[in-house]
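What follows is the content of protein-v3.tsv, which has TSV, C-alpha atoms:
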chain	number	residue	atom	x	y	z
H	247	MET	CA	78.44	102.13	119.03
H	248	SER	CA	78.65	105.83	119.72
H	249	GLN	CA	75.01	105.83	120.83
H	250	GLN	CA	75.54	103.05	123.40
H	251	GLN	CA	78.44	104.65	125.30
H	252	PRO	CA	76.44	107.38	127.13
H	253	ARG	CA	74.09	104.76	128.55
H	254	ARG	CA	76.74	103.17	130.75
H	255	PRO	CA	77.20	106.06	133.19
H	256	GLU	CA	73.43	106.45	133.40
H	257	SER	CA	73.01	102.77	134.25
H	258	HIS	CA	75.86	102.93	136.74
H	259	GLU	CA	74.39	106.02	138.37
H	260	GLN	CA	71.02	104.39	138.74
H	261	ASN	CA	72.68	101.54	140.66
H	262	MET	CA	74.63	103.89	142.93
H	263	GLU	CA	73.60	104.17	146.54
H	264	PRO	CA	73.78	107.42	148.50
H	265	ILE	CA	76.47	107.93	151.11
H	266	LYS	CA	74.93	107.00	154.44
H	267	TYR	CA	75.70	107.94	158.04
H	268	GLY	CA	77.27	104.54	158.60
H	269	ASP	CA	79.67	105.15	155.70
H	270	VAL	CA	80.95	108.43	157.12
H	271	PHE	CA	80.72	107.59	160.83
H	272	PRO	CA	81.59	103.85	161.11
H	273	HIS	CA	80.74	103.59	164.81
H	274	VAL	CA	77.13	104.68	164.19
H	275	SER	CA	74.69	101.77	164.22
H	276	GLY	CA	70.98	101.12	164.05
H	277	GLU	CA	68.48	102.98	161.89
H	278	LEU	CA	70.62	106.10	161.55
H	279	ALA	CA	73.52	104.18	159.97
H	280	SER	CA	71.35	103.24	156.98
H	281	LYS	CA	70.03	106.74	156.35
H	282	PRO	CA	71.45	108.87	153.49
H	283	ILE	CA	73.08	112.18	154.43
H	284	SER	CA	71.09	115.03	152.91
H	285	PRO	CA	71.91	118.74	152.35
H	286	GLN	CA	69.41	119.79	155.00
H	287	ASP	CA	71.01	117.41	157.53
H	288	ALA	CA	74.43	118.94	156.84
H	289	ALA	CA	73.05	122.48	157.04
H	290	MET	CA	71.45	121.75	160.41
H	291	MET	CA	74.75	120.48	161.82
H	292	GLN	CA	76.65	123.43	160.35
H	293	THR	CA	74.20	125.84	161.94
H	294	ALA	CA	74.46	124.06	165.30
H	295	GLU	CA	78.27	124.20	165.23
H	296	ASN	CA	78.19	127.91	164.45
H	297	LEU	CA	75.67	128.64	167.19
H	298	VAL	CA	77.45	126.67	169.90
H	299	LEU	CA	81.12	126.86	168.89
H	300	GLY	CA	81.20	130.13	166.96
H	301	GLN	CA	82.31	128.57	163.67
H	302	THR	CA	82.18	125.43	161.57
H	303	GLN	CA	84.78	123.03	162.93
H	304	LYS	CA	87.55	121.84	160.63
H	305	GLY	CA	87.32	118.04	160.62
H	306	GLY	CA	84.03	118.17	162.52
H	307	ALA	CA	80.74	116.45	161.79
H	308	ALA	CA	79.33	119.33	159.72
H	309	ALA	CA	82.28	119.31	157.31
H	310	ALA	CA	82.05	115.53	156.84
H	311	MET	CA	78.29	115.66	156.37
H	312	GLN	CA	78.50	118.56	153.92
H	313	SER	CA	81.00	116.66	151.76
H	314	ALA	CA	78.80	113.55	151.71
H	315	ALA	CA	75.60	115.53	151.08
H	316	THR	CA	77.18	117.41	148.18
H	317	LYS	CA	78.23	114.15	146.54
H	318	ASN	CA	74.78	112.65	147.08
H	319	GLU	CA	73.09	115.69	145.57
H	320	ARG	CA	75.43	115.87	142.57
H	321	ALA	CA	74.75	112.20	141.87
H	322	GLY	CA	71.02	112.91	141.92
H	323	LEU	CA	70.49	110.58	144.87
H	324	VAL	CA	69.04	113.22	147.21
H	325	GLY	CA	67.36	116.57	146.60
H	326	HIS	CA	68.66	119.96	147.75
H	327	THR	CA	65.78	120.40	150.21
H	328	ASP	CA	65.67	116.77	151.41
H	329	VAL	CA	66.03	116.04	155.10
H	330	THR	CA	66.43	112.58	156.64
H	331	ASP	CA	63.20	111.68	158.44
H	332	ILE	CA	64.64	110.93	161.90
H	333	THR	CA	66.98	113.92	161.65
H	334	GLY	CA	64.06	116.18	160.86
H	335	ASP	CA	62.03	114.74	163.73
H	336	GLN	CA	64.75	114.69	166.40
H	337	GLY	CA	67.26	117.27	165.19
H	338	VAL	CA	70.98	117.61	165.81
H	339	THR	CA	72.94	118.53	168.93
H	340	VAL	CA	76.36	120.02	169.55
H	341	ALA	CA	77.54	119.90	173.17
H	342	GLU	CA	80.73	121.36	174.60
H	343	THR	CA	82.30	120.27	177.90
H	344	GLY	CA	85.10	122.30	179.41
H	345	ALA	CA	88.29	120.69	180.76
H	346	PRO	CA	91.63	122.22	181.83
H	347	GLY	CA	93.26	123.58	178.71
H	348	ARG	CA	90.83	121.95	176.30
H	349	ARG	CA	87.19	121.45	175.41
H	350	ILE	CA	85.45	118.19	174.53
H	351	ILE	CA	82.90	118.48	171.74
H	352	SER	CA	80.17	115.89	171.14
H	353	GLU	CA	77.99	116.08	168.04
H	354	SER	CA	74.81	114.04	167.76
H	355	VAL	CA	72.16	113.35	165.15
H	356	ALA	CA	68.74	112.13	166.31
H	357	GLY	CA	70.20	111.47	169.76
H	358	ARG	CA	73.10	109.32	168.49
H	359	VAL	CA	76.63	110.62	168.98
H	360	ILE	CA	78.30	110.65	165.57
H	361	SER	CA	81.46	112.59	166.43
H	362	GLU	CA	83.38	113.36	169.60
H	363	TYR	CA	86.72	115.16	169.74
H	364	SER	CA	88.68	117.69	171.76
H	365	ARG	CA	90.08	121.10	170.91
H	366	PRO	CA	92.57	123.22	172.82
H	367	ALA	CA	90.91	126.19	174.49
H	368	PRO	CA	91.89	128.99	176.85
H	369	ILE	CA	90.60	128.49	180.39
H	370	ALA	CA	88.71	131.78	180.19
H	371	ALA	CA	86.81	130.59	177.15
H	372	THR	CA	85.78	127.42	179.01
H	373	THR	CA	84.06	129.39	181.76
H	374	THR	CA	81.86	131.37	179.36
H	375	SER	CA	80.95	128.69	176.85
H	376	THR	CA	78.08	127.33	178.93
H	377	VAL	CA	76.42	130.74	179.14
H	378	ASP	CA	76.54	131.19	175.35
H	379	LYS	CA	75.43	127.62	174.74
H	380	ASP	CA	72.52	127.68	177.14
H	381	ALA	CA	70.82	130.75	175.70
H	382	VAL	CA	71.10	131.20	171.95
H	383	THR	CA	69.30	134.41	171.01
H	384	ILE	CA	67.45	135.30	167.84
H	385	GLY	CA	70.20	137.77	166.97
H	386	GLU	CA	72.85	135.07	167.32
H	387	ALA	CA	70.82	132.68	165.17
H	388	LEU	CA	70.57	135.34	162.45
H	389	GLU	CA	74.31	136.02	162.63
H	390	ALA	CA	74.93	132.30	162.12
H	391	VAL	CA	73.07	132.57	158.79
H	392	ALA	CA	75.73	135.02	157.59
H	393	ILE	CA	78.18	132.10	157.87
H	394	THR	CA	76.07	129.13	156.76
H	395	ALA	CA	74.24	130.84	153.87
H	396	GLY	CA	75.86	134.25	153.65
H	397	ASP	CA	76.40	134.14	149.87
H	398	LYS	CA	72.70	133.61	149.13
H	399	PRO	CA	71.04	136.60	147.43
H	400	ILE	CA	68.14	137.83	149.54
H	401	ASP	CA	64.69	137.04	148.15
H	402	GLN	CA	61.18	137.61	149.44
H	403	SER	CA	61.15	134.43	151.55
H	404	ASP	CA	64.35	135.52	153.32
H	405	ALA	CA	62.96	139.01	153.94
H	406	ALA	CA	59.74	137.59	155.37
H	407	ALA	CA	61.64	135.24	157.68
H	408	ILE	CA	63.93	138.04	158.86
H	409	GLN	CA	60.93	140.27	159.55
H	410	ALA	CA	59.26	137.50	161.57
H	411	ALA	CA	62.48	137.06	163.55
H	412	GLU	CA	62.78	140.79	164.22
H	413	VAL	CA	59.18	141.01	165.44
H	414	ARG	CA	59.73	138.12	167.85
H	415	ALA	CA	63.06	139.45	169.09
H	416	THR	CA	61.83	142.99	169.75
H	417	GLY	CA	58.15	142.48	170.50
H	418	ILE	CA	57.41	145.30	168.05
H	419	ASN	CA	54.76	144.16	165.58
H	420	ALA	CA	55.91	146.50	162.82
H	421	THR	CA	58.94	146.93	160.58
H	422	ILE	CA	61.51	149.08	162.37
H	423	PRO	CA	62.85	151.91	160.17
H	424	GLY	CA	66.50	151.23	159.44
H	425	GLY	CA	66.30	147.77	161.02
H	426	ILE	CA	67.37	144.45	159.57
H	427	ALA	CA	63.85	143.61	158.35
H	428	ALA	CA	63.55	146.93	156.50
H	429	GLU	CA	67.00	146.42	154.98
H	430	ALA	CA	66.16	142.85	153.95
H	431	GLN	CA	62.87	143.89	152.35
H	432	SER	CA	64.60	146.66	150.42
H	433	ALA	CA	67.29	144.22	149.28
H	434	ALA	CA	64.72	141.62	148.17
H	435	SER	CA	62.86	144.21	146.10
H	436	ALA	CA	66.07	145.45	144.47
H	437	ASN	CA	67.39	141.93	143.86
H	438	ALA	CA	64.20	140.98	142.02
H	439	HIS	CA	65.13	143.44	139.27
H	440	LEU	CA	68.72	142.23	138.90
H	441	THR	CA	69.85	139.28	136.80
H	442	ASN	CA	73.48	139.11	137.89
H	443	ASP	CA	73.87	137.44	141.30
H	444	GLU	CA	77.16	139.27	141.82
H	445	GLU	CA	75.26	142.56	142.01
H	446	LYS	CA	72.61	141.32	144.44
H	447	THR	CA	72.59	141.98	148.18
H	448	LYS	CA	73.42	138.82	150.11
H	449	LEU	CA	72.25	137.53	153.49
H	450	SER	CA	75.67	138.26	155.00
H	451	ASP	CA	75.32	141.93	154.01
H	452	VAL	CA	72.26	142.27	156.25
H	453	LEU	CA	72.76	139.73	159.05
H	454	THR	CA	76.46	139.85	159.97
H	455	ASP	CA	75.84	142.24	162.89
H	456	ALA	CA	72.23	141.30	163.63
H	457	THR	CA	72.73	141.14	167.41
H	458	SER	CA	73.99	144.71	167.66
H	459	THR	CA	71.48	145.98	165.08
H	460	LEU	CA	68.41	144.61	166.86
H	461	PRO	CA	67.17	147.13	169.47
H	462	LYS	CA	66.13	144.18	171.65
H	463	ASP	CA	66.96	140.48	171.60
H	464	LYS	CA	65.65	137.34	173.26
H	465	THR	CA	66.34	133.64	173.65
H	466	VAL	CA	64.93	131.58	170.79
H	467	THR	CA	61.91	129.42	171.66
H	468	SER	CA	60.07	126.77	169.65
H	469	GLU	CA	57.24	129.27	169.12
H	470	ASP	CA	59.73	131.76	167.63
H	471	ALA	CA	61.05	129.05	165.31
H	472	GLU	CA	57.55	128.09	164.17
H	473	GLY	CA	56.75	131.71	163.31
H	474	VAL	CA	59.96	132.21	161.33
H	475	VAL	CA	59.70	128.88	159.51
H	476	SER	CA	56.07	129.60	158.60
H	477	ALA	CA	56.98	133.05	157.23
H	478	GLU	CA	59.77	131.63	155.04
H	479	LEU	CA	57.58	128.78	153.75
H	480	ARG	CA	54.62	131.05	152.91
H	481	ASN	CA	56.80	133.27	150.76
H	482	ASN	CA	58.72	130.54	148.94
H	483	PRO	CA	57.09	129.32	145.68
H	484	ASN	CA	58.50	125.83	146.35
H	485	MET	CA	57.15	125.80	149.93
H	486	ALA	CA	60.60	124.87	151.25
H	487	THR	CA	63.11	126.43	153.61
H	488	TYR	CA	66.67	127.12	152.49
H	489	PRO	CA	69.40	124.85	153.97
H	490	GLY	CA	71.35	126.88	156.51
H	491	GLY	CA	69.05	129.85	155.93
H	492	VAL	CA	67.04	132.01	158.32
H	493	ALA	CA	64.32	129.50	159.20
H	494	ALA	CA	66.80	126.62	159.48
H	495	SER	CA	69.09	128.59	161.78
H	496	VAL	CA	66.32	129.80	164.09
H	497	ALA	CA	64.85	126.28	164.25
H	498	ALA	CA	68.26	124.84	165.12
H	499	ALA	CA	68.73	127.45	167.83
H	500	ALA	CA	65.34	126.61	169.32
H	501	ARG	CA	66.25	122.92	169.47
H	502	LEU	CA	69.57	123.67	171.14
H	503	ASN	CA	67.89	125.87	173.75
H	504	GLN	CA	65.24	123.25	174.42
H	505	GLU	CA	67.80	120.47	174.81
H	506	GLN	CA	69.87	122.55	177.22

The structure in this file should be written as structure tokens.
Amino acid sequence: MSQQQPRRPESHEQNMEPIKYGDVFPHVSGELASKPISPQDAAMMQTAENLVLGQTQKGGAAAAMQSAATKNERAGLVGHTDVTDITGDQGVTVAETGAPGRRIISESVAGRVISEYSRPAPIAATTTSTVDKDAVTIGEALEAVAITAGDKPIDQSDAAAIQAAEVRATGINATIPGGIAAEAQSAASANAHLTNDEEKTKLSDVLTDATSTLPKDKTVTSEDAEGVVSAELRNNPNMATYPGGVAASVAAAARLNQEQ
């Protein structure tokens, strides 16, 4: 009897279905509604919210997706590096429209609007939001990582991605002494010899002020994103990018710039 009891949860778990877009966003229909929400999907939306709106929105699409993705991953129904096929192909979009005394925010996945809501906003903020939204820079994309994956200890794949980003931002094909790439490489080397994550240097320690630290910055392009993603993949033993990490943030910024 005691040997049969553990089998029930396992059987139940095998019959569980992942939380899908249609479960979280009831008005979503078509192919997207039947797709499971993965950690990479949620990280992409979180990065987009941070790049366009300055922070993850309470009650926004990223928060809802993160909750669903976490449950799916804990249940073993999706992997940590999984990304929904159409989300990976078509990306996510966060758009902000100014109105007197408020801003209207639309969030889309693979071209389908999954969330639309308004937030109060000062009139002055409305006039500048388009400028920030239309030209996300490499420095801004790196600063977004400090929010989406700031607690991650820096490893060699992070350092390589940061170096690739610095080269593309500055046009200097060498590590700048005292720059963010040099700091990241030093941190990765030191972290490799530490066993306690609490003692390791995190991404937020290096990237929080990336825009002001970079001697030169530029708008993110798809070519920049490809270079950064390639650098992170080459230096990751699992050949995967980290959700919300350097490559993911730069790729999201490139998509946003292209869509604008």

Handout entry: Who sits within 9 Å of Glu295 (chain H), only C-alpha atoms, same chain under 5 positions skipped, as a count of residues only
Key = 11

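In this comparison, which uses only C-alpha atoms, the residue of H:Met485, H:Ala434, H:Ala499, H:Leu449 approaching Thr394 (chain H) most closely is H:Leu449.
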
Completion exercise
Correct to one decimal, the distance CA of Ser403 (chain H)-CA of Ala456 (chain H) is 17.8 Å

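Distance check against Pro285 (chain H) using only C-alpha atoms: of H:Gly396, H:Gly344, H:Pro489, H:Pro366, the minimum falls on H:Pro489.
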
Handout entry: Between CA of Asp443 (chain H) and CA of Ala294 (chain H) - distance in Å to one decimal
Key = 27.5 Å

Exercise for the section: Name the residues in contact with Asp470 (chain H) at a cut-off of 8 Å, using only C-alpha atoms, excluding same-chain residues fewer than 2 positions from it; report them as number ranges by chain. Expected result: H: 411, 414, 466-468, 472-474, 496, 500

Handout entry: Distance criterion (all atoms listed in the file): nearest to Val492 (chain H) out of H:Thr316, H:Ser284, H:Thr327, H:Thr293
Key = H:Thr293

Problem - Of the listed residues H:Leu297, H:Ala415, H:Asn482, H:Ile400, that which approaches Glu444 (chain H) most closely, counting all atoms listed in the file - result: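 Result for the nearest residue to Glu444 (chain H): H:Ile400.
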
Practice task
Please write as an MDAnalysis selection string the list of polymer residues whose atoms come within 6 Å of (66.3, 108.6, 154.6), counting only C-alpha atoms and keeping to the coordinates of the file.
Solution key: chainID H and resid 281:282 330:331

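Distances here use only C-alpha atoms; by that measure, the residue among H:Lys448, H:Leu502, H:Val475, H:Ile265 closest to Lys317 (chain H) is H:Ile265.
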